[in-house]
>>> print(open('work_7.cif').read())   # mmCIF, C-alpha atoms and all ligand atoms
data_final
#
loop_
_atom_site.label_atom_id
_atom_site.label_comp_id
_atom_site.auth_asym_id
_atom_site.auth_seq_id
_atom_site.Cartn_x
_atom_site.Cartn_y
_atom_site.Cartn_z
CA MET A 1 0.00 0.00 0.00
CA ILE A 2 2.90 2.36 0.49
CA ARG A 3 6.03 3.04 -1.46
CA GLN A 4 9.15 5.00 -0.72
CA PHE A 5 9.60 8.22 -2.62
CA ALA A 6 11.72 11.35 -2.76
CA LEU A 7 14.74 11.46 -0.54
CA SER A 8 15.83 14.34 1.60
CA LYS A 9 17.00 17.74 0.51
CA ASN A 10 20.36 16.82 2.05
CA ILE A 11 20.95 13.81 -0.09
CA GLU A 12 22.09 15.32 -3.33
CA SER A 13 24.41 17.78 -1.69
CA LEU A 14 26.54 15.19 0.09
CA PRO A 15 30.10 15.37 -1.21
CA GLY A 16 31.72 12.69 -3.35
CA SER A 17 28.55 10.90 -4.25
CA SER A 18 27.13 9.73 -7.49
CA ASN A 19 24.76 6.96 -6.53
CA ARG A 20 21.44 7.94 -4.93
CA SER A 21 20.67 4.59 -3.33
CA GLU A 22 24.13 4.39 -1.84
CA LEU A 23 23.67 7.91 -0.52
CA TYR A 24 20.37 6.92 0.95
CA GLN A 25 22.19 4.40 3.12
CA VAL A 26 24.74 6.86 4.45
CA ALA A 27 22.72 10.05 4.76
CA THR A 28 22.29 11.38 8.28
CA MET A 29 18.73 12.56 7.79
CA SER A 30 16.29 11.73 10.54
CA VAL A 31 13.33 10.32 8.62
CA ASN A 32 12.08 8.60 5.47
CA TYR A 33 9.10 9.95 3.58
CA ILE A 34 6.53 7.49 2.28
CA GLU A 35 3.93 8.52 -0.21
CA ILE A 36 0.31 7.65 0.62
CA THR A 37 -1.09 5.31 -2.01
CA ASP A 38 -4.45 4.67 -0.33
CA PRO A 39 -6.91 5.04 -3.24
CA VAL A 40 -9.64 6.83 -1.24
CA TYR A 41 -7.17 9.40 0.04
CA ARG A 42 -5.56 9.91 -3.35
CA THR A 43 -8.74 10.31 -5.33
CA SER A 44 -10.63 12.55 -2.93
CA TRP A 45 -8.35 14.46 -0.54
CA LYS A 46 -8.71 17.70 -2.47
CA LYS A 47 -12.49 17.42 -2.44
CA ARG A 48 -12.39 17.26 1.35
CA ASN A 49 -9.93 20.17 1.36
CA GLU A 50 -7.39 18.00 3.17
CA HIS A 51 -3.72 18.83 3.41
CA GLY A 52 -1.21 17.01 1.27
CA TYR A 53 -0.27 14.32 3.78
CA VAL A 54 2.77 12.08 3.77
CA LEU A 55 3.89 9.27 6.06
CA VAL A 56 7.00 10.16 8.01
CA GLU A 57 9.04 7.20 9.16
CA PRO A 58 11.50 7.86 11.98
CA LYS A 59 15.05 6.59 11.63
CA GLU A 60 17.54 5.92 14.41
CA HIS A 61 14.90 4.55 16.75
CA TRP A 62 17.58 2.74 18.73
CA ARG A 63 17.62 5.86 20.90
CA ILE A 64 14.06 5.26 22.15
CA PRO A 65 13.98 3.20 25.34
CA ILE A 66 11.47 0.63 24.11
CA ARG A 67 13.22 -2.68 24.38
CA GLU A 68 10.62 -4.96 22.79
CA PRO A 69 12.22 -7.22 20.24
CA GLY A 70 11.26 -6.06 16.77
CA TRP A 71 9.63 -2.81 17.93
CA LYS A 72 9.88 -0.08 15.37
CA PRO A 73 8.03 3.25 15.29
CA LYS A 74 5.25 3.34 12.72
CA PRO A 75 5.33 6.03 10.03
CA CYS A 76 3.35 9.06 11.17
CA CYS A 77 0.90 10.95 8.97
CA LEU A 78 2.00 14.59 8.70
CA THR A 79 1.78 17.34 6.12
CA LYS A 80 4.46 17.52 3.44
CA ARG A 81 5.58 20.76 4.99
CA PHE A 82 7.40 18.70 7.64
CA GLU A 83 10.15 18.11 5.09
CA LYS A 84 11.35 21.66 5.66
CA PHE A 85 11.76 21.02 9.33
CA ASP A 86 12.61 17.39 10.08
CA ASP A 87 16.37 17.44 10.63
CA GLU A 88 16.37 20.77 12.45
CA PHE A 89 13.68 19.53 14.80
CA SER A 90 15.25 16.18 15.57
CA ALA A 91 18.53 17.99 16.36
CA MET A 92 16.79 20.53 18.63
CA GLU A 93 18.57 21.30 21.87
CA VAL A 94 16.64 19.90 24.86
CA ARG A 95 17.26 21.27 28.35
CA SER A 96 17.11 19.19 31.50
CA ASP A 97 14.67 21.61 33.15
CA ASP A 98 12.31 21.67 30.16
CA VAL A 99 8.77 20.46 30.69
CA TRP A 100 7.37 18.67 27.63
CA LEU A 101 3.71 17.83 27.19
CA ALA A 102 2.90 15.33 24.46
CA SER A 103 -0.43 14.02 23.20
CA TYR A 104 -2.39 12.87 20.20
CA PRO A 105 -4.58 15.84 19.08
CA LYS A 106 -7.87 16.49 20.91
CA THR A 107 -7.08 14.44 23.96
CA GLY A 108 -7.17 17.32 26.45
CA THR A 109 -3.81 18.86 25.62
CA THR A 110 -4.78 22.48 26.33
CA TRP A 111 -6.44 21.52 29.60
CA SER A 112 -3.34 19.58 30.67
CA GLN A 113 -0.99 22.37 29.55
CA GLU A 114 -2.77 24.91 31.72
CA MET A 115 -2.75 22.51 34.69
CA VAL A 116 0.94 21.68 34.32
CA TRP A 117 1.99 25.29 33.72
CA LEU A 118 0.18 26.52 36.83
CA ILE A 119 1.45 23.70 39.03
CA CYS A 120 5.01 24.39 37.92
CA ASN A 121 4.64 28.17 38.27
CA ASN A 122 3.43 28.46 41.86
CA LEU A 123 -0.19 28.86 40.72
CA ASP A 124 0.51 32.21 39.12
CA PHE A 125 -3.08 32.76 37.97
CA GLU A 126 -2.40 36.39 37.18
CA THR A 127 0.22 35.64 34.52
CA ALA A 128 -1.84 32.70 33.28
CA ARG A 129 -4.80 35.02 32.64
CA LYS A 130 -2.65 37.75 31.12
CA GLU A 131 -0.33 35.83 28.81
CA SER A 132 -1.48 33.53 26.07
CA LEU A 133 -0.99 29.84 26.81
CA PHE A 134 0.16 29.48 23.19
CA MET A 135 3.18 31.67 24.02
CA ARG A 136 3.79 30.31 27.53
CA PHE A 137 3.64 26.75 26.25
CA PRO A 138 4.41 26.81 22.49
CA PHE A 139 3.34 24.03 20.12
CA VAL A 140 6.85 23.30 18.98
CA GLU A 141 6.37 21.62 15.58
CA LEU A 142 3.35 23.64 14.47
CA ASN A 143 5.26 25.58 11.80
CA GLY A 144 6.39 22.25 10.40
CA ILE A 145 2.76 21.20 9.96
CA ALA A 146 0.89 24.34 8.94
CA ASP A 147 1.54 27.59 7.14
CA LEU A 148 0.60 30.02 9.88
CA PRO A 149 -0.77 33.48 9.29
CA GLY A 150 0.82 36.31 11.26
CA GLY A 151 4.40 35.12 10.93
CA PHE A 152 4.55 33.29 14.27
CA ASP A 153 7.46 30.87 14.46
CA TYR A 154 6.68 28.64 17.43
CA PHE A 155 9.83 26.57 16.94
CA LYS A 156 11.92 29.70 17.36
CA ILE A 157 9.77 30.89 20.25
CA ALA A 158 10.40 27.56 21.99
CA GLN A 159 14.12 27.66 21.25
CA ASP A 160 14.49 31.21 22.57
CA MET A 161 12.41 30.77 25.73
CA PRO A 162 14.18 31.28 29.03
CA SER A 163 14.34 28.20 31.24
CA PRO A 164 12.33 26.46 32.43
CA ARG A 165 10.62 26.06 29.09
CA PHE A 166 7.16 24.53 28.62
CA ILE A 167 6.82 22.77 25.28
CA LYS A 168 3.81 21.11 23.64
CA THR A 169 4.09 18.49 20.93
CA HIS A 170 1.74 16.07 19.19
CA LEU A 171 4.60 14.05 17.74
CA PRO A 172 4.87 10.32 18.47
CA VAL A 173 7.86 9.00 20.43
CA GLY A 174 9.75 8.22 17.24
CA LEU A 175 9.81 11.84 16.07
CA LEU A 176 10.75 13.59 19.31
CA PRO A 177 14.08 15.46 19.27
CA HIS A 178 16.90 12.99 19.83
CA GLN A 179 18.12 14.75 22.97
CA ILE A 180 14.84 13.94 24.74
CA TRP A 181 16.28 10.47 25.38
CA SER A 182 19.70 11.58 26.66
CA VAL A 183 18.79 14.82 28.52
CA LYS A 184 15.57 13.33 29.98
CA PRO A 185 13.44 16.39 30.75
CA LYS A 186 10.11 15.88 32.51
CA LEU A 187 7.51 14.69 30.05
CA VAL A 188 3.74 14.45 30.57
CA TYR A 189 1.56 12.49 28.14
CA VAL A 190 -2.23 12.79 28.03
CA TYR A 191 -4.55 10.37 26.24
CA ARG A 192 -8.29 9.99 25.62
CA LYS A 193 -10.73 7.36 24.35
CA ALA A 194 -11.01 6.74 20.62
CA LYS A 195 -14.61 7.74 19.88
CA SER A 196 -14.22 11.08 21.68
CA VAL A 197 -10.98 11.78 19.85
CA ALA A 198 -12.53 11.01 16.44
CA VAL A 199 -15.47 13.36 17.01
CA SER A 200 -13.47 16.14 18.63
CA PHE A 201 -10.81 15.95 15.92
CA TYR A 202 -13.43 16.12 13.16
CA HIS A 203 -14.99 19.30 14.56
CA HIS A 204 -11.54 20.78 15.12
CA MET A 205 -10.44 20.14 11.54
CA ALA A 206 -13.78 21.39 10.17
CA THR A 207 -13.23 24.62 12.11
CA ILE A 208 -9.49 25.21 11.90
CA ALA A 209 -8.59 23.59 8.56
CA ASN A 210 -11.94 24.04 6.78
CA TYR A 211 -12.16 20.26 6.34
CA LYS A 212 -15.09 19.70 4.01
CA GLY A 213 -15.76 15.99 4.42
CA THR A 214 -18.43 14.50 6.65
CA LEU A 215 -17.87 13.16 10.16
CA GLU A 216 -18.19 9.68 8.70
CA GLU A 217 -15.55 10.34 6.04
CA PHE A 218 -13.24 11.83 8.64
CA THR A 219 -13.74 8.89 10.98
CA ARG A 220 -13.06 6.41 8.21
CA SER A 221 -9.78 8.11 7.31
CA PHE A 222 -8.90 8.19 11.04
CA MET A 223 -9.52 4.43 11.06
CA ARG A 224 -7.26 4.03 8.02
CA ASP A 225 -4.54 5.88 9.99
CA LEU A 226 -4.66 8.75 7.53
CA GLN A 227 -5.33 11.74 9.73
CA LEU A 228 -2.71 14.10 11.14
CA TYR A 229 -0.45 12.32 13.63
CA SER A 230 -2.00 8.92 12.90
CA PRO A 231 -1.68 6.07 13.75
CA TYR A 232 -3.54 7.02 16.93
CA HIS A 233 -3.33 3.66 18.74
CA ASP A 234 0.44 3.40 18.28
CA HIS A 235 0.85 6.99 19.42
CA VAL A 236 -0.80 6.18 22.76
CA ILE A 237 0.68 2.70 23.17
CA ASP A 238 4.25 3.77 22.41
CA TYR A 239 4.15 6.40 25.16
CA HIS A 240 2.82 3.69 27.48
CA LYS A 241 5.74 1.48 26.46
CA ILE A 242 8.12 4.02 28.01
CA SER A 243 6.07 4.29 31.22
CA HIS A 244 9.01 2.82 33.16
CA LEU A 245 10.89 6.13 32.73
CA ASP A 246 11.02 8.23 35.91
CA ASN A 247 10.73 11.42 33.88
CA LEU A 248 7.41 10.43 32.26
CA LEU A 249 3.91 10.91 33.72
CA LEU A 250 0.85 9.48 31.92
CA ILE A 251 -2.46 11.21 32.53
CA ASN A 252 -5.88 10.57 31.12
CA TYR A 253 -8.73 12.85 29.95
CA GLU A 254 -11.52 10.68 31.37
CA GLU A 255 -9.88 10.63 34.80
CA MET A 256 -9.47 14.42 34.67
CA LYS A 257 -13.22 14.62 34.05
CA THR A 258 -14.18 12.28 36.88
CA ASP A 259 -11.53 13.17 39.46
CA LEU A 260 -9.51 16.25 38.56
CA PRO A 261 -8.15 16.70 42.13
CA ALA A 262 -6.63 13.20 42.02
CA VAL A 263 -4.86 13.95 38.73
CA ILE A 264 -3.68 17.32 40.03
CA LYS A 265 -2.22 15.60 43.09
CA ARG A 266 -0.27 13.17 40.93
CA VAL A 267 1.02 16.02 38.77
CA CYS A 268 2.09 17.91 41.92
CA VAL A 269 4.01 14.88 43.20
CA PHE A 270 5.66 14.45 39.79
CA PHE A 271 6.89 18.07 39.86
CA ASN A 272 7.69 18.08 43.61
CA LYS A 273 5.13 20.78 44.28
CA SER A 274 2.83 21.14 47.24
CA TYR A 275 -0.21 23.39 47.65
CA THR A 276 -2.87 23.95 50.30
CA ASP A 277 -6.39 22.57 49.84
CA GLU A 278 -7.60 26.10 49.24
CA GLN A 279 -5.07 26.67 46.49
CA LEU A 280 -5.95 23.35 44.89
CA ALA A 281 -9.65 24.25 44.96
CA GLU A 282 -8.83 27.49 43.17
CA LEU A 283 -6.84 25.56 40.59
CA CYS A 284 -9.77 23.17 40.00
CA ASN A 285 -12.02 26.15 39.55
CA HIS A 286 -9.63 27.78 37.08
CA LEU A 287 -9.46 24.51 35.12
CA SER A 288 -13.22 23.96 34.98
CA PHE A 289 -14.74 23.75 31.51
CA GLU A 290 -16.74 26.96 31.94
CA SER A 291 -13.77 28.90 33.23
CA MET A 292 -11.50 27.68 30.42
CA ARG A 293 -14.11 28.40 27.81
CA ASN A 294 -14.29 32.02 28.98
CA ASN A 295 -10.55 32.44 29.37
CA PRO A 296 -9.18 34.45 26.41
CA SER A 297 -5.61 33.41 27.16
CA LEU A 298 -6.39 29.88 26.00
CA ASN A 299 -9.85 29.63 24.39
CA ALA A 300 -8.41 30.52 20.93
CA ASN A 301 -11.48 32.63 20.11
CA GLU A 302 -9.37 35.15 18.24
CA MET A 303 -7.73 32.51 16.10
CA VAL A 304 -11.06 30.85 15.31
CA ASP A 305 -12.58 34.24 14.42
CA MET A 306 -9.69 34.98 12.10
CA ILE A 307 -9.91 31.59 10.37
CA LEU A 308 -13.69 31.64 9.97
CA THR A 309 -13.64 35.19 8.64
CA GLY A 310 -10.73 34.43 6.31
CA THR A 311 -12.58 31.45 4.85
CA GLY A 312 -15.90 33.24 4.42
CA ARG A 313 -17.54 31.45 7.35
CA ALA A 314 -17.92 34.26 9.87
CA HIS A 315 -21.63 33.39 10.11
CA GLU A 316 -20.66 30.04 11.71
CA ARG A 317 -18.92 31.74 14.61
CA ASP A 318 -21.53 31.03 17.25
CA HIS A 319 -22.08 27.43 16.25
CA ALA A 320 -21.48 25.11 19.20
CA ASN A 321 -19.01 22.98 17.24
CA ARG A 322 -16.94 25.97 16.14
CA GLN A 323 -15.55 26.54 19.64
CA PHE A 324 -11.99 25.46 20.46
CA ILE A 325 -13.04 24.61 24.03
CA ARG A 326 -16.07 22.86 22.57
CA LYS A 327 -18.12 20.38 24.58
CA GLY A 328 -15.78 18.85 27.13
CA GLN A 329 -17.66 15.62 27.84
CA VAL A 330 -16.69 12.01 28.26
CA ASP A 331 -19.67 10.68 26.30
CA GLY A 332 -20.21 13.67 24.01
CA TRP A 333 -19.61 11.45 20.97
CA LYS A 334 -23.00 9.81 21.53
CA SER A 335 -24.84 12.73 19.97
CA ASP A 336 -22.58 12.72 16.87
CA LEU A 337 -21.82 9.10 15.99
CA THR A 338 -24.45 6.65 14.79
CA PRO A 339 -24.46 3.44 16.88
CA GLU A 340 -23.08 1.62 13.83
CA LEU A 341 -20.13 3.98 13.38
CA ALA A 342 -19.42 3.92 17.13
CA GLU A 343 -19.36 0.13 16.98
CA GLU A 344 -17.04 0.26 13.97
CA ILE A 345 -14.58 2.43 15.89
CA ASP A 346 -14.64 -0.05 18.79
CA ASN A 347 -14.13 -2.96 16.39
CA TRP A 348 -11.24 -1.11 14.77
CA THR A 349 -9.61 -0.82 18.18
CA ARG A 350 -10.23 -4.50 18.98
CA ALA A 351 -8.67 -5.52 15.67
CA LYS A 352 -5.69 -3.15 15.87
CA VAL A 353 -5.01 -3.67 19.57
CA PRO A 354 -5.54 -7.31 20.48
CA ASP A 355 -3.67 -6.95 23.80
CA VAL A 356 -6.41 -6.20 26.38
CA LYS A 357 -3.88 -4.39 28.57
CA TYR A 358 -3.74 -1.69 25.89
CA GLN A 359 -7.26 -2.11 24.51
CA LYS A 360 -8.77 -0.62 27.62
CA LEU A 361 -6.95 2.66 26.96
CA PHE A 362 -9.22 3.22 23.96
CA LEU A 363 -12.64 1.64 24.60
P1 LIG B 1 -14.33 18.24 22.78
O1 LIG B 1 -14.10 18.64 21.36
O2 LIG B 1 -14.80 16.83 22.93
O3 LIG B 1 -15.19 19.20 23.51
P2 LIG B 1 -6.95 19.49 22.85
O4 LIG B 1 -6.64 20.56 23.81
O5 LIG B 1 -6.02 18.30 22.91
O6 LIG B 1 -7.16 20.02 21.48
O7 LIG B 1 -8.34 18.83 23.33
C1 LIG B 1 -9.55 19.50 23.11
C2 LIG B 1 -10.65 18.79 23.85
O8 LIG B 1 -10.50 19.03 25.26
C3 LIG B 1 -12.01 19.37 23.44
O9 LIG B 1 -12.92 18.28 23.52
C4 LIG B 1 -12.21 20.40 24.54
O10 LIG B 1 -13.54 20.81 24.69
C5 LIG B 1 -11.71 19.61 25.74
N1 LIG B 1 -11.44 20.47 26.90
C6 LIG B 1 -10.68 21.57 26.96
N2 LIG B 1 -10.70 22.11 28.19
C7 LIG B 1 -11.50 21.32 28.93
C8 LIG B 1 -11.94 21.35 30.30
N3 LIG B 1 -11.56 22.31 31.12
N4 LIG B 1 -12.75 20.36 30.71
C9 LIG B 1 -13.14 19.38 29.87
N5 LIG B 1 -12.77 19.29 28.58
C10 LIG B 1 -11.96 20.26 28.11
#
>>> encode(input="work_7.cif", output="structure tokens")
Amino acid sequence: MIRQFALSKNIESLPGSSNRSELYQVATMSVNYIEITDPVYRTSWKKRNEHGYVLVEPKEHWRIPIREPGWKPKPCCLTKRFEKFDDEFSAMEVRSDDVWLASYPKTGTTWSQEMVWLICNNLDFETARKESLFMRFPFVELNGIADLPGGFDYFKIAQDMPSPRFIKTHLPVGLLPHQIWSVKPKLVYVYRKAKSVAVSFYHHMATIANYKGTLEEFTRSFMRDLQLYSPYHDHVIDYHKISHLDNLLLINYEEMKTDLPAVIKRVCVFFNKSYTDEQLAELCNHLSFESMRNNPSLNANEMVDMILTGTGRAHERDHANRQFIRKGQVDGWKSDLTPELAEEIDNWTRAKVPDVKYQKLFL
């Protein structure tokens, strides 16, 4: 289904070389690019206004502390724009006092970022309300995925931040900067159940990327591992496979919904922080769905306004599904997915993840 295609920009410029395949063996580039040959994607991606995606296969995975015989990171679905960024990103300097937050999209990343930032910054609510979360906690590879209006370069913002830096990424373990594994900064990973992710991701892409397909079409491409950052199951499982690392904390959206104080306590222990019950109650209040939805430093209203206006959809602004902090429920998918499609997503998980230890992360 897939075939290798164009090699890196570095390849042809290596000295003393005449043979491309030989060069391919010796090049120091960090990834391989694999063209998507899936017929549904190829014949209809433009109709759905999808990005030009490509599968990005990490190299040098010996650095990643997953010691399962035969384990290899799966190629990750990204936009072709990543080609401009790959080597620079994998060689990024990591600092030991960095805090990294990783996730598959729509799993509660923003919620977790705000929680982690506040816990690590002595509950400085004033700064949190004043300064945009997107600057306090930059999405490090975003410029390698999307052409951003306004000239923001989040990679540079992250590189230039004073320590301790707070860095968000949606990349799978295989595509993290190499120094993550030697410098070992604190890393938090958040994950969420499959049906909620599919629905939340669809509404997000329909809003932010003007995705024009239906929820069903989106879900089917998600199940063919052909949405941004797919494959989703491997993304979650691979971070669980490094759960033995002292510098990694796994947290979960559904637990944050049912028992936020318990998750906050674990995060405090992980960062060696301690707060009074009163302070923790204030934090829970700040992190409530209503409070976050009304918080301009993280609700992305401005960005959504700009995108909807720029794509002639300003009239959709007040639609419930056009909010970045959208619905915030554990079972919200029930009003979007037909029972048949919900069952299909569950069956997809059962087929892709036969190991029940991991299956329960998704169902
Ligand atoms: P829904 O689209 O299901 O509402 P991310 O930050 O990774 O993009 O995740 C976005 C999801 O987290 C959205 O899910 C959003 O509404 C939800 N979310 C954000 N803040 C939340 C909060 N305080 N409580 C519950 N859910 C929240």
>>> closest_residue(input="work_7.cif", among="A:Glu141, A:Asp153, A:Asp336, A:Glu35", to="ligand LIG 1 (chain B)", atoms="all atoms listed in the file")
A:Asp336
>>> axis_aligned_box(input="work_7.cif", around="ligand LIG 1 (chain B)", padding_each_side="4 Å", output="JSON")
{"center_x": -10.6, "center_y": 19.6, "center_z": 26.2, "size_x": 17.2, "size_y": 13.5, "size_z": 17.8}
>>> residues_near_ligand(input="work_7.cif", ligand="ligand LIG 1 (chain B)", cutoff="6 Å", atoms="only C-alpha atoms and all ligand atoms", output="list of chain:residue names")
A:Pro105, A:Lys106, A:Thr107, A:Gly108, A:Thr109, A:Thr110, A:Trp111, A:Ser196, A:Ser200, A:Leu287, A:Ser288, A:Phe289, A:Met292, A:Ile325, A:Arg326, A:Lys327, A:Gly328, A:Gln329
>>> residues_around(input="work_7.cif", residues="Lys193 (chain A)", least_positions_apart="2", cutoff="7 Å", atoms="only C-alpha atoms", output="number ranges by chain")
A: 195-197, 361-363
>>> write_last_selection(input="work_7.cif", atoms="C-alpha atoms", output="PDB file, in the frame of the given file")
ATOM      1  CA  LYS A 195     -14.610   7.740  19.880  1.00  0.00           C
ATOM      2  CA  SER A 196     -14.220  11.080  21.680  1.00  0.00           C
ATOM      3  CA  VAL A 197     -10.980  11.780  19.850  1.00  0.00           C
ATOM      4  CA  LEU A 361      -6.950   2.660  26.960  1.00  0.00           C
ATOM      5  CA  PHE A 362      -9.220   3.220  23.960  1.00  0.00           C
ATOM      6  CA  LEU A 363     -12.640   1.640  24.600  1.00  0.00           C
TER       7      LEU A 363
END
>>> closest_residue(input="work_7.cif", among="A:Ala128, A:Cys268, A:Val199, A:Val56", to="Leu337 (chain A)", atoms="all atoms listed in the file")
A:Val199
>>> atom_distance(input="work_7.cif", atom1="CA of Tyr41 (chain A)", atom2="CA of Leu228 (chain A)")
12.9 Å
>>> closest_residue(input="work_7.cif", among="A:Lys186, A:Thr79, A:Thr276, A:Pro69", to="Tyr33 (chain A)", atoms="all atoms listed in the file")
A:Thr79
>>> closest_residue(input="work_7.cif", among="A:Ala342, A:Val267, A:Met92, A:Met306", to="His178 (chain A)", atoms="all atoms listed in the file")
A:Met92
>>> atom_distance(input="work_7.cif", atom1="CA of Ser30 (chain A)", atom2="CA of Pro58 (chain A)")
6.3 Å
>>> closest_residue(input="work_7.cif", among="A:Ile180, A:Phe125, A:Phe201, A:Val94", to="Ser230 (chain A)", atoms="all atoms listed in the file")
A:Phe201
